[in-house]
Every structure is written in structure tokens, then in C-alpha cells.
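Chemist: Contents of run-v3.cif (mmCIF, C-alpha atoms):
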```
data_entry
loop_
_atom_site.label_atom_id
_atom_site.label_comp_id
_atom_site.auth_asym_id
_atom_site.auth_seq_id
_atom_site.Cartn_x
_atom_site.Cartn_y
_atom_site.Cartn_z
CA MET A 1 85.11 94.71 114.40
CA HIS A 2 86.81 94.61 111.02
CA ILE A 3 86.65 91.67 108.65
CA ALA A 4 90.10 90.94 107.25
CA ASP A 5 90.91 90.11 103.64
CA GLY A 6 90.68 86.41 102.85
CA VAL A 7 87.79 85.74 105.23
CA LEU A 8 84.86 86.44 102.91
CA PRO A 9 84.32 84.68 99.57
CA LEU A 10 84.47 86.72 96.40
CA SER A 11 80.67 86.84 96.04
CA CYS A 12 80.36 88.52 99.47
CA VAL A 13 83.17 90.93 98.63
CA ALA A 14 81.39 91.92 95.41
CA ALA A 15 78.04 92.25 97.20
CA GLY A 16 79.69 94.43 99.85
CA TRP A 17 81.19 96.75 97.26
CA ALA A 18 77.94 96.97 95.29
CA GLY A 19 75.92 97.76 98.42
CA THR A 20 78.46 100.34 99.53
CA ALA A 21 78.43 102.05 96.13
CA VAL A 22 74.63 102.33 96.21
CA VAL A 23 74.41 103.58 99.81
CA THR A 24 77.30 106.04 99.31
CA GLY A 25 75.61 107.45 96.20
CA LEU A 26 72.27 107.81 97.97
CA THR A 27 73.69 109.39 101.13
CA LEU A 28 76.09 111.78 99.39
CA ARG A 29 73.14 113.36 97.57
CA LYS A 30 71.69 114.38 100.94
CA VAL A 31 74.87 115.95 102.30
CA PRO A 32 75.48 119.68 101.71
CA ALA A 33 79.10 120.84 101.29
CA GLU A 34 78.75 123.00 104.40
CA GLU A 35 78.72 119.81 106.47
CA LEU A 36 82.30 119.02 105.44
CA PRO A 37 84.17 120.46 108.46
CA LYS A 38 81.88 118.60 110.86
CA ALA A 39 82.20 115.43 108.79
CA ALA A 40 86.00 115.78 108.76
CA VAL A 41 86.14 116.08 112.56
CA MET A 42 83.89 113.06 113.06
CA THR A 43 85.80 111.02 110.44
CA ALA A 44 89.02 111.83 112.30
CA GLY A 45 87.43 110.72 115.59
CA PHE A 46 86.25 107.47 114.01
CA PHE A 47 89.67 106.90 112.44
CA VAL A 48 91.53 107.39 115.75
CA ALA A 49 89.00 105.50 117.89
CA SER A 50 89.96 102.18 116.32
CA LEU A 51 93.35 102.44 118.03
CA ILE A 52 91.75 102.13 121.46
CA HIS A 53 91.91 98.41 121.91
CA VAL A 54 90.30 96.45 124.77
CA PRO A 55 91.41 92.80 125.12
CA LEU A 56 88.41 90.65 126.06
CA GLY A 57 88.91 86.93 126.60
CA PRO A 58 89.86 85.10 123.44
CA THR A 59 89.33 88.11 121.22
CA SER A 60 89.73 91.88 121.44
CA VAL A 61 87.48 94.81 120.73
CA HIS A 62 88.10 98.47 120.10
CA LEU A 63 86.06 101.65 120.24
CA ILE A 64 84.06 102.10 117.05
CA LEU A 65 81.95 105.23 117.62
CA ASN A 66 79.76 104.63 114.58
CA GLY A 67 76.71 105.44 116.70
CA LEU A 68 78.15 108.82 117.67
CA VAL A 69 79.10 109.51 114.06
CA GLY A 70 75.50 108.72 113.06
CA ILE A 71 74.02 110.96 115.76
CA VAL A 72 76.15 113.94 114.75
CA LEU A 73 76.39 113.54 110.98
CA GLY A 74 73.10 111.95 109.99
CA TRP A 75 73.23 110.85 106.35
CA ALA A 76 76.85 111.98 106.04
CA ALA A 77 77.81 109.24 108.51
CA PHE A 78 78.06 106.56 105.82
CA PRO A 79 80.62 108.28 103.55
CA ALA A 80 82.51 109.47 106.64
CA ILE A 81 82.78 105.90 107.91
CA LEU A 82 83.79 104.67 104.46
CA VAL A 83 86.69 107.16 104.36
CA GLY A 84 87.67 106.29 107.96
CA LEU A 85 87.69 102.57 107.15
CA LEU A 86 89.72 103.11 103.99
CA LEU A 87 92.39 104.96 105.97
CA GLN A 88 92.34 102.36 108.74
CA ALA A 89 92.86 99.59 106.17
CA LEU A 90 95.65 101.47 104.38
CA LEU A 91 97.50 102.87 107.39
CA PHE A 92 96.81 100.45 110.26
CA GLN A 93 95.94 97.28 108.31
CA HIS A 94 92.63 97.05 110.21
CA GLY A 95 90.30 95.08 108.00
CA GLY A 96 91.22 94.81 104.36
CA LEU A 97 90.83 96.64 101.09
CA LEU A 98 88.84 93.83 99.49
CA THR A 99 86.48 93.66 102.45
CA LEU A 100 86.17 97.44 102.69
CA GLY A 101 82.70 97.35 101.12
CA ALA A 102 81.45 94.73 103.56
CA ASN A 103 83.01 96.56 106.50
CA ALA A 104 81.49 99.86 105.38
CA LEU A 105 78.03 98.30 105.26
CA MET A 106 78.63 96.57 108.59
CA LEU A 107 79.50 99.81 110.39
CA GLY A 108 77.87 102.45 108.18
CA LEU A 109 74.30 101.13 108.06
CA PRO A 110 74.10 100.89 111.88
CA ALA A 111 75.37 104.50 111.99
CA LEU A 112 72.41 105.54 109.83
CA ALA A 113 70.17 103.48 112.10
CA ALA A 114 71.64 105.32 115.11
CA TYR A 115 70.70 108.61 113.46
CA LYS A 116 67.12 107.43 113.13
CA ILE A 117 67.06 105.96 116.65
CA PHE A 118 68.30 109.26 118.04
CA GLY A 119 65.48 111.04 116.20
CA LEU A 120 62.99 109.01 118.27
CA ARG A 121 63.79 111.18 121.30
CA HIS A 122 61.07 113.58 120.16
CA PHE A 123 58.54 110.84 120.91
CA LEU A 124 59.98 109.77 124.27
CA THR A 125 58.14 110.97 127.33
CA CYS A 126 60.78 110.15 129.95
CA ARG A 127 62.74 112.73 131.95
CA HIS A 128 65.91 112.82 129.81
CA PRO A 129 64.82 111.69 126.35
CA GLU A 130 68.02 112.86 124.66
CA ALA A 131 70.19 110.82 127.05
CA VAL A 132 68.02 107.72 126.61
CA ALA A 133 67.95 108.12 122.83
CA GLY A 134 71.72 108.77 122.75
CA PHE A 135 72.37 105.62 124.78
CA LEU A 136 70.07 103.53 122.59
CA ALA A 137 71.67 104.93 119.44
CA GLY A 138 75.24 104.26 120.66
CA ALA A 139 74.53 100.80 122.02
CA GLY A 140 72.14 99.87 119.23
CA SER A 141 74.67 100.67 116.53
CA ILE A 142 77.13 98.20 118.09
CA LEU A 143 74.42 95.56 118.42
CA LEU A 144 73.44 96.00 114.78
CA SER A 145 77.09 95.93 113.69
CA GLY A 146 77.52 92.65 115.59
CA ILE A 147 74.48 91.19 113.85
CA MET A 148 75.79 92.32 110.47
CA LEU A 149 79.18 90.80 111.25
CA ALA A 150 77.48 87.51 112.04
CA LEU A 151 75.50 87.79 108.81
CA TRP A 152 78.62 88.35 106.70
CA LEU A 153 80.41 85.46 108.35
CA TYR A 154 77.28 83.31 107.94
CA LEU A 155 77.38 84.10 104.23
CA ALA A 156 81.02 83.01 104.31
CA GLY A 157 79.89 79.60 105.51
CA ARG A 158 80.08 79.91 109.28
CA GLU A 159 77.33 79.12 111.75
CA PHE A 160 75.23 82.26 112.30
CA TRP A 161 74.09 81.81 115.91
CA THR A 162 77.51 80.76 117.15
CA ILE A 163 79.13 83.85 115.64
CA ALA A 164 76.25 86.11 116.70
CA ARG A 165 76.48 84.91 120.31
CA LEU A 166 80.25 85.31 120.31
CA ALA A 167 80.08 88.77 118.74
CA LEU A 168 77.41 89.84 121.22
CA ALA A 169 79.37 88.52 124.19
CA ALA A 170 82.60 90.12 122.98
CA HIS A 171 80.98 93.48 122.30
CA LEU A 172 78.60 93.69 125.25
CA PRO A 173 80.95 95.91 127.32
CA LEU A 174 81.54 97.99 124.20
CA MET A 175 77.80 98.40 123.71
CA VAL A 176 77.50 99.83 127.21
CA LEU A 177 80.56 102.04 126.73
CA GLU A 178 79.41 103.40 123.39
CA GLY A 179 75.90 103.85 124.73
CA LEU A 180 77.30 106.02 127.51
CA VAL A 181 79.43 107.95 125.01
CA GLY A 182 76.34 108.50 122.83
CA ALA A 183 74.23 109.65 125.80
CA ALA A 184 76.92 111.99 127.16
CA ALA A 185 77.62 113.47 123.73
CA ALA A 186 73.92 113.98 123.00
CA VAL A 187 73.24 115.73 126.31
CA PHE A 188 76.35 117.87 126.02
CA LEU A 189 75.80 118.90 122.41
CA LEU A 190 72.12 119.65 122.89
CA LYS A 191 73.02 121.91 125.80
CA VAL A 192 75.91 123.84 124.29
CA LYS A 193 75.43 123.70 120.52
CA PRO A 194 72.21 121.96 119.48
CA GLU A 195 72.52 122.98 115.84
CA ILE A 196 75.49 120.63 115.47
CA LEU A 197 73.11 117.68 115.63
CA GLU A 198 71.50 116.85 112.34
CA ASP A 199 67.85 116.67 113.29
CA THR A 200 67.49 119.58 115.72
CA PRO A 201 65.12 122.42 114.80
CA HIS A 202 68.18 124.71 114.51
CA ALA A 203 69.84 122.42 112.03
CA ALA A 204 66.61 122.05 110.07
CA LYS A 205 66.32 125.85 109.92
CA ASP A 206 69.95 126.12 108.83
CA ASN A 207 69.36 123.62 106.07
CA LEU A 208 66.28 125.53 104.87
CA ASP A 209 68.24 128.79 104.88
CA ARG A 210 70.89 127.32 102.56
CA MET B 1 81.80 131.06 124.49
CA ARG B 2 79.91 127.87 123.62
CA LEU B 3 82.22 127.30 120.69
CA LYS B 4 85.19 127.62 123.02
CA ILE B 5 83.71 124.98 125.35
CA ILE B 6 83.14 122.63 122.41
CA TRP B 7 86.68 123.03 121.13
CA THR B 8 88.11 122.51 124.62
CA ALA B 9 85.98 119.40 125.11
CA SER B 10 86.90 118.06 121.66
CA LEU B 11 90.57 118.65 122.35
CA ALA B 12 90.28 116.88 125.71
CA LEU B 13 88.51 113.94 124.02
CA LEU B 14 91.17 113.75 121.32
CA CYS B 15 93.93 113.84 123.98
CA PHE B 16 92.17 111.05 125.87
CA CYS B 17 91.87 108.98 122.69
CA LEU B 18 95.53 109.47 121.86
CA ALA B 19 96.67 108.71 125.43
CA ALA B 20 94.52 105.59 125.65
CA ALA B 21 95.63 104.53 122.19
CA GLY B 22 99.26 104.88 123.23
CA GLU B 23 98.74 102.46 126.10
CA THR B 24 96.75 99.81 124.40
CA GLN B 25 97.69 100.09 120.73
CA ALA B 26 96.00 98.90 117.64
CA HIS B 27 93.66 96.14 116.75
CA LYS B 28 94.51 93.42 114.30
CA LEU B 29 95.75 89.88 114.51
CA MET B 30 99.45 89.14 114.06
CA VAL B 31 101.33 85.86 113.85
CA SER B 32 104.90 84.62 114.03
CA ALA B 33 106.21 81.13 113.28
CA VAL B 34 109.58 80.07 114.73
CA PRO B 35 111.27 76.68 114.18
CA GLU B 36 111.98 74.93 117.49
CA ALA B 37 113.17 71.39 118.07
CA GLU B 38 113.38 69.03 115.13
CA GLY B 39 110.10 69.02 113.23
CA THR B 40 108.40 71.53 115.47
CA LEU B 41 107.10 74.93 114.52
CA THR B 42 106.10 77.26 117.35
CA VAL B 43 103.34 79.58 116.26
CA GLN B 44 102.46 82.64 118.24
CA ALA B 45 99.33 84.74 117.66
CA PHE B 46 99.01 88.16 119.25
CA PHE B 47 97.58 91.62 118.91
CA PRO B 48 99.85 94.53 118.05
CA ASP B 49 100.19 95.64 121.69
CA GLY B 50 101.61 92.18 122.49
CA THR B 51 98.40 90.79 124.05
CA PRO B 52 98.25 87.06 123.23
CA ALA B 53 95.41 85.93 120.98
CA GLN B 54 94.02 83.00 122.96
CA GLU B 55 92.13 79.97 121.65
CA VAL B 56 92.71 81.04 118.07
CA PRO B 57 92.67 78.30 115.42
CA VAL B 58 96.01 77.86 113.63
CA ALA B 59 96.29 76.09 110.29
CA VAL B 60 99.59 75.00 108.78
CA SER B 61 99.62 74.17 105.11
CA SER B 62 102.19 73.62 102.41
CA THR B 63 103.15 76.64 100.32
CA ASP B 64 100.75 75.50 97.61
CA GLY B 65 97.87 75.58 100.12
CA HIS B 66 97.48 71.90 100.96
CA PRO B 67 96.40 71.59 104.64
CA ILE B 68 98.85 69.67 106.83
CA LEU B 69 98.27 70.30 110.53
CA SER B 70 96.05 72.48 112.66
CA GLY B 71 95.81 73.49 116.28
CA LYS B 72 94.65 76.16 118.71
CA THR B 73 96.69 78.67 120.69
CA ASN B 74 96.89 78.50 124.45
CA ALA B 75 96.60 81.28 127.04
CA GLN B 76 99.94 82.73 125.89
CA GLY B 77 98.82 82.71 122.28
CA LEU B 78 101.24 79.84 121.53
CA VAL B 79 100.89 76.48 119.89
CA LYS B 80 103.50 73.89 118.92
CA ILE B 81 102.85 72.32 115.57
CA ALA B 82 104.55 68.95 115.12
CA PRO B 83 105.63 66.70 113.52
CA LEU B 84 106.60 68.54 110.37
CA ALA B 85 109.13 67.66 107.69
CA PRO B 86 111.80 70.28 106.90
CA GLY B 87 110.67 72.90 104.44
CA ALA B 88 108.57 76.00 104.06
CA TYR B 89 105.03 76.25 105.38
CA ARG B 90 102.17 78.69 105.27
CA VAL B 91 100.82 79.46 108.73
CA GLU B 92 97.38 81.00 109.03
CA VAL B 93 95.52 82.17 112.13
CA GLY B 94 91.98 83.45 112.24
CA ASP B 95 89.62 84.12 115.11
CA PRO B 96 85.88 83.48 114.84
CA LEU B 97 85.10 87.21 114.50
CA GLY B 98 86.76 87.76 111.14
CA HIS B 99 90.33 88.67 112.12
CA ARG B 100 92.98 86.84 110.14
CA ALA B 101 96.76 86.83 109.69
CA GLU B 102 99.18 84.76 107.69
CA THR B 103 102.93 84.17 107.67
CA ARG B 104 105.54 81.77 106.37
CA GLY B 105 107.48 79.39 108.62
CA VAL B 106 110.58 77.55 107.50
CA LEU B 107 111.94 74.42 109.17
CA PRO B 108 115.64 73.96 108.40
CA GLY B 109 116.40 71.21 105.90
CA ALA B 110 116.57 70.72 102.18
CA THR B 111 113.52 68.54 101.62
CA PRO B 112 110.25 70.28 100.89
CA PRO B 113 107.34 69.15 103.08
CA GLN B 114 105.31 66.16 102.00
CA ALA B 115 101.64 66.97 101.92
CA ALA B 116 99.73 64.77 104.33
CA PRO B 117 96.68 62.94 102.94
CA SER B 118 94.29 64.70 105.32
CA PRO B 119 94.49 67.53 107.87
CA ARG B 120 95.26 66.44 111.41
CA GLU B 121 94.72 68.09 114.77
CA THR B 122 97.57 68.91 117.09
CA THR B 123 97.31 69.83 120.75
CA PRO B 124 97.79 73.34 122.08
CA ALA B 125 101.09 74.05 123.79
CA ALA B 126 101.11 73.37 127.50
CA ALA B 127 99.66 76.02 129.81
CA PRO B 128 102.07 78.34 131.68
CA PRO B 129 105.01 78.57 132.07
CA PRO B 130 105.56 79.81 128.51
CA LEU B 131 107.37 77.61 126.04
CA ALA B 132 111.11 77.58 126.32
CA GLY B 133 112.67 79.52 123.51
CA ALA B 134 109.35 80.91 122.36
CA PRO B 135 109.62 84.44 121.08
CA ALA B 136 108.14 87.15 123.24
CA PRO B 137 105.25 88.90 121.50
CA PRO B 138 107.09 91.64 119.68
CA GLY B 139 104.34 94.22 119.80
CA GLU B 140 104.32 97.00 117.31
CA ALA B 141 105.54 100.56 117.58
CA PHE B 142 102.68 103.02 117.88
CA PRO B 143 101.93 104.23 114.35
CA TRP B 144 102.30 107.95 115.04
CA GLY B 145 103.36 108.67 111.47
CA ASN B 146 100.40 106.84 109.98
CA LEU B 147 98.04 108.44 112.47
CA LEU B 148 99.21 111.91 111.52
CA ALA B 149 99.13 111.01 107.84
CA GLY B 150 95.51 109.88 108.18
CA LEU B 151 94.45 112.99 110.07
CA GLY B 152 96.31 115.15 107.58
CA PHE B 153 94.57 113.43 104.70
CA ILE B 154 91.09 113.85 106.22
CA PHE B 155 91.47 117.54 107.07
CA GLY B 156 93.49 118.26 103.93
CA VAL B 157 90.85 116.85 101.60
CA ALA B 158 88.05 118.61 103.50
CA ALA B 159 89.95 121.92 103.34
CA PHE B 160 90.69 121.45 99.64
CA ILE B 161 87.04 120.86 98.79
CA LEU B 162 85.96 123.84 100.88
CA VAL B 163 88.52 126.09 99.21
CA LEU B 164 87.28 125.02 95.78
CA LYS B 165 83.71 125.73 96.83
CA LEU B 166 84.68 129.09 98.30
CA ARG B 167 86.47 130.06 95.10
CA ALA B 168 83.39 129.19 93.08
CA GLU B 169 81.23 131.32 95.42
CA VAL B 170 83.65 134.27 95.18
CA ARG B 171 83.69 134.04 91.39
CA LYS B 172 79.90 134.10 91.36
CA LEU B 173 79.83 137.25 93.51
CA ALA B 174 82.68 139.05 91.73
CA PRO B 175 81.52 141.79 89.28
CA ARG B 176 81.90 140.89 85.62
CA ASP B 177 83.87 143.15 83.33
#
```
Is it possible to express this structure as C-alpha cells?
Modeler:
Amino acid sequence: MHIADGVLPLSCVAAGWAGTAVVTGLTLRKVPAEELPKAAVMTAGFFVASLIHVPLGPTSVHLILNGLVGIVLGWAAFPAILVGLLLQALLFQHGGLLTLGANALMLGLPALAAYKIFGLRHFLTCRHPEAVAGFLAGAGSILLSGIMLALWLYLAGREFWTIARLALAAHLPLMVLEGLVGAAAAVFLLKVKPEILEDTPHAAKDNLDR
Amino acid sequence: MRLKIIWTASLALLCFCLAAAGETQAHKLMVSAVPEAEGTLTVQAFFPDGTPAQEVPVAVSSTDGHPILSGKTNAQGLVKIAPLAPGAYRVEVGDPLGHRAETRGVLPGATPPQAAPSPRETTPAAAPPPLAGAPAPPGEAFPWGNLLAGLGFIFGVAAFILVLKLRAEVRKLAPRD
């Protein structure tokens, strides 16, 4: 799910860069320097995940893990994804440098949404709220990324619903896969090291202590 | 103990990612254009692991961007574009989800191509067996070097920033003369 150079018109490219600059500025202000090692590990995971490629019919998809990045990093997810995308464009030619802004918004905003979705587990009354919230965050981030992809391509003059349907169909297995990854990671991390997740009481206490 | 479990699990996940990545390779669209019989350009679209890109629109234009012919790849990611005059062409493939690749194809001959008045459609190459003389999808070597460079960059920059921060903290704590 990377938009290549030459697909979007210049106005969309400029809008993507402007939006990315604003969101990066806003999110970086909320990230303490102590989060850097965690952010580096998650950025590395995001960077490598794009090499896992699953051919599906006429197109192909690859692991994205923006939902997991959002769950673990919170606000730091956006700059982490921006750095990951920059390296993917430079080193693997996934996406393009001109469309980096649009791609960052397409994958980074759903990561922030995943962070918020995962926070809803405190209000869930089911048996395993963290697993359910993790699944919804992982799968939801892919769904939102697909919708944003369709929106960008719509702005580039393509038919929105056709692209949206195609993106949804192509990424449906990935949604399930990333939902499972999100659920498994959430359950595991909450059991063994809950403070690693951004919105746990431990993490909140840590942040207050700083 | 918990930290040890996390590091072991992370290492296992990273190993899985690398192993899976080695089998299936990267994700981007690639294209090759090979001259075949007289006036025919065989275009092949594929992903870096050699998987054919099926049903992908292919557009052939003159080097100055004037559209000449278009078509769609078949199940092998191939399409024959014909008839074309000898000369150099720009070949562009792009799937509906925003992937795009471009290359140049040259048909032997001295005359540059004459731009057609309007774009025309050509038919996809016949279904299997693959086209005679068509190039096998070359695939791409796994980018180990680039992968390590990327990981090195990420951890290097993070370590650099942390060291700077640590130095500032130490200077704050150090007694002043």
C-alpha cells in the first residue's frame, strides 16, 4: 500500500507534504526523548515488514503493521512511520519520494487512530477487552489506510468506489492478519510488560515521573 | 526475566520477518519491454519476486509522451503491443492501487515512431502457454545490503540522539568549577 511517484497530481503531492509537516510537528511535541529506543525498534519492524509480500489476484499486498506501531508508540507512531517510509522509498523503491507525504498521511493517521481505538479497551466489558481492542486497532488501521488510499486516488481523478472496493478486497486478508497480530501483541505485552504500551497506567505514571 | 522473554520474542519475530521476506521478496511493480517479431513489443509486468502482475494496464507512448497503444497484461503478466514502427518507446504500467513502473523499449530500425492520432487498444497476449521468446521474470536479489543499511540508520540515529541527550544530562549533573 504505497503510492508511487507519478500517480498523484502535484496539488495532491503538495497537500500530502503540508499535512505531513503539520501532523509531524504536532506529534513530535508529545513524544519524550526517552521513547526513542522503543520508537527505533518499532520503526525497524515497520521498515522490514514491507518486505513480506503476499500476491493476491491481480495485485499484491504486504504486511504494514501501522496498527501495531500505533498501539505501542501512541503519538510517536506518525514520525516513526514517516522515517520508515522514507527509508523504504530510498532503499527499496517502495512508494516514492514525492508521494512520501501522502503515503505518510495514508499510513500514519490510521496508526494514530489505532492508538485511540486500542484505548477503548478500558470501556469494553467483554472477557478479553485487550485482545478485542488489539484486533480492532490492527484491522481498523488497514481499513482506514485503504479508505485513505482510495481518497488520494480519487483526488487524482479515479473513481472512488471502484478503488475503495478493490483496495478493501485486496487488503481483506491483510486486515484479518494484522488484526490478529495486534490482538496477540496487545495480550502478550499487557501480560509481560504493560508499561511498554503508551496508555497503560504504568506508562502514564512513568510519564508523570519524568 | 520479563525483559528476557520480550527480547527473545522480538528476536523470534524479527527472524520470522526476515525468513518470510527472503521467500517472498519486496513489493513494487516492475516492467520490462523486449522487441519481438517485426513491430511487436512484448511487455512484462511483475513484482520483484518474479510474481506476474496480472490484468495491469500497459500504456505505450512515444518518448515525448504522446500515447500510441495500450493494453492489459495476461495471467503471466505479459502483453504483446503491436503494430509499432521502429524506434524508441516509453512503456508505462500502473495497477489501480497506485503502483506504477516505467521503462523504455526500442524496436530495431532507424525511423522514429510516428505518433498515432489517437490511443488504440490492443489485446492481451494469449493465455498459457507463455509467449515464445518472452523473458522470464527476472526477479530481484534480496536487498540484504539495503535492509542492513536501513536498520543501521534507524538504530544509529536513535543512539546518536540518546548519546547527545545523555551528555547534556551528565553536564547538568557534573559539579561546576
Chemist: Find the residues around B:Gly39 up to 8 Å (all atoms listed in the file counted), leave out those fewer than 6 positions away in its own chain, and share them as a list in words.
Modeler: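 Contacts, in chain order: Ala82, Pro83, Leu84, Ala85, Pro86 and Leu107 of chain B.
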Chemist: Excluding A:Val23 and residues on its chain fewer than 4 positions from it, collect all residues at most 9 Å away from it, counting all atoms listed in the file, and give them as a list of chain:residue names.
Modeler: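 Neighbouring residues, sequence-local ones excluded: A:Ala18, A:Gly19, A:Thr27, A:Leu28, A:Phe78, A:Pro79, A:Leu105, A:Leu109.
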Chemist: Written as an mmCIF file with C-alpha atoms, keeping the file's coordinate frame, which residues does the PyMOL selection byres ((chain A and resi 39) around 12) give for the file shown?
Modeler:
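This went into selection-v6.cif:
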```
data_model
loop_
_atom_site.group_PDB
_atom_site.id
_atom_site.type_symbol
_atom_site.label_atom_id
_atom_site.label_comp_id
_atom_site.auth_asym_id
_atom_site.auth_seq_id
_atom_site.Cartn_x
_atom_site.Cartn_y
_atom_site.Cartn_z
ATOM 1 C CA LEU A 28 76.090 111.780 99.390
ATOM 2 C CA VAL A 31 74.870 115.950 102.300
ATOM 3 C CA PRO A 32 75.480 119.680 101.710
ATOM 4 C CA ALA A 33 79.100 120.840 101.290
ATOM 5 C CA GLU A 34 78.750 123.000 104.400
ATOM 6 C CA GLU A 35 78.720 119.810 106.470
ATOM 7 C CA LEU A 36 82.300 119.020 105.440
ATOM 8 C CA PRO A 37 84.170 120.460 108.460
ATOM 9 C CA LYS A 38 81.880 118.600 110.860
ATOM 10 C CA ALA A 40 86.000 115.780 108.760
ATOM 11 C CA VAL A 41 86.140 116.080 112.560
ATOM 12 C CA MET A 42 83.890 113.060 113.060
ATOM 13 C CA THR A 43 85.800 111.020 110.440
ATOM 14 C CA ALA A 44 89.020 111.830 112.300
ATOM 15 C CA GLY A 45 87.430 110.720 115.590
ATOM 16 C CA PHE A 46 86.250 107.470 114.010
ATOM 17 C CA PHE A 47 89.670 106.900 112.440
ATOM 18 C CA LEU A 68 78.150 108.820 117.670
ATOM 19 C CA VAL A 69 79.100 109.510 114.060
ATOM 20 C CA GLY A 70 75.500 108.720 113.060
ATOM 21 C CA ILE A 71 74.020 110.960 115.760
ATOM 22 C CA VAL A 72 76.150 113.940 114.750
ATOM 23 C CA LEU A 73 76.390 113.540 110.980
ATOM 24 C CA GLY A 74 73.100 111.950 109.990
ATOM 25 C CA TRP A 75 73.230 110.850 106.350
ATOM 26 C CA ALA A 76 76.850 111.980 106.040
ATOM 27 C CA ALA A 77 77.810 109.240 108.510
ATOM 28 C CA PHE A 78 78.060 106.560 105.820
ATOM 29 C CA PRO A 79 80.620 108.280 103.550
ATOM 30 C CA ALA A 80 82.510 109.470 106.640
ATOM 31 C CA ILE A 81 82.780 105.900 107.910
ATOM 32 C CA LEU A 82 83.790 104.670 104.460
ATOM 33 C CA VAL A 83 86.690 107.160 104.360
ATOM 34 C CA GLY A 84 87.670 106.290 107.960
ATOM 35 C CA ILE A 196 75.490 120.630 115.470
ATOM 36 C CA LEU A 197 73.110 117.680 115.630
ATOM 37 C CA GLU A 198 71.500 116.850 112.340
ATOM 38 C CA ILE B 154 91.090 113.850 106.220
ATOM 39 C CA PHE B 155 91.470 117.540 107.070
ATOM 40 C CA VAL B 157 90.850 116.850 101.600
ATOM 41 C CA ALA B 158 88.050 118.610 103.500
ATOM 42 C CA ALA B 159 89.950 121.920 103.340
#
```
Chemist: Between atom CA of B:Val93 and atom CA of B:Gly105, what is the distance in Å, rounded to a tenth?
Modeler: 12.8 Å
Chemist: Applied to the shown file, which residues does the PyMOL selection byres ((chain A) within 9 of (chain B)) return, written as a PyMOL selection string?
Modeler: chain A and resi 1-8+33-34+36-37+39-41+43-45+47-55+57-62+83-84+87-88+91-95+149-150+153+158+163+166-167+189+192-193
Chemist: Where does the PyMOL selection byres ((chain B and resi 36) around 9) land in this file, that is, which residues does it pick, as a ChimeraX atom specification?
Modeler: /B:34-35,37-42,80,107,133-134
Chemist: Those residues you just picked out, can you put them in a file as a short mmCIF file (atom, residue, chain, number, x, y, z; two decimals), in the frame of the given file with C-alpha atoms?
Modeler:
```cif
data_model
loop_
_atom_site.label_atom_id
_atom_site.label_comp_id
_atom_site.auth_asym_id
_atom_site.auth_seq_id
_atom_site.Cartn_x
_atom_site.Cartn_y
_atom_site.Cartn_z
CA VAL B 34 109.58 80.07 114.73
CA PRO B 35 111.27 76.68 114.18
CA ALA B 37 113.17 71.39 118.07
CA GLU B 38 113.38 69.03 115.13
CA GLY B 39 110.10 69.02 113.23
CA THR B 40 108.40 71.53 115.47
CA LEU B 41 107.10 74.93 114.52
CA THR B 42 106.10 77.26 117.35
CA LYS B 80 103.50 73.89 118.92
CA LEU B 107 111.94 74.42 109.17
CA GLY B 133 112.67 79.52 123.51
CA ALA B 134 109.35 80.91 122.36
#
```
Chemist: Could you tell me how far atom CA of A:Pro129 lies from atom CA of A:Ala170, in Å and to one decimal?
Modeler: 28.2 Å
Chemist: What is the atom CA of A:Gly146-atom CA of A:Gly134 distance in Å, reported with one decimal?
Modeler: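 Going from atom CA of A:Gly146 over to atom CA of A:Gly134, I get 18.6 Å.
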Chemist: When distances are computed from only C-alpha atoms, which of A:Glu195, A:Gly119, A:Ile147, A:Ala185 shows the smallest separation from A:Ala169?
Modeler: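 The shortest atom-to-atom distance to A:Ala169 comes from A:Ile147.
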Chemist: Excluding same-chain residues fewer than 3 positions from A:Ala14, what lies within 9 Å of it counting all atoms listed in the file, as a PDB file with C-alpha atoms, in the coordinates of the input?
Modeler:
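Written out: around_20.pdb:
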```pdb
ATOM      1  CA  PRO A   9      84.320  84.680  99.570  1.00  0.00           C
ATOM      2  CA  LEU A  10      84.470  86.720  96.400  1.00  0.00           C
ATOM      3  CA  SER A  11      80.670  86.840  96.040  1.00  0.00           C
ATOM      4  CA  TRP A  17      81.190  96.750  97.260  1.00  0.00           C
ATOM      5  CA  ALA A  18      77.940  96.970  95.290  1.00  0.00           C
ATOM      6  CA  GLY A  19      75.920  97.760  98.420  1.00  0.00           C
ATOM      7  CA  LEU A  98      88.840  93.830  99.490  1.00  0.00           C
ATOM      8  CA  THR A  99      86.480  93.660 102.450  1.00  0.00           C
ATOM      9  CA  GLY A 101      82.700  97.350 101.120  1.00  0.00           C
ATOM     10  CA  ALA A 102      81.450  94.730 103.560  1.00  0.00           C
TER      11      ALA A 102
END
```
Chemist: Measuring between all atoms listed in the file, which one of A:Leu26, A:Ile64, A:Val176, A:Ala184 shows the shortest distance to A:Ser145?
Modeler: A:Ile64
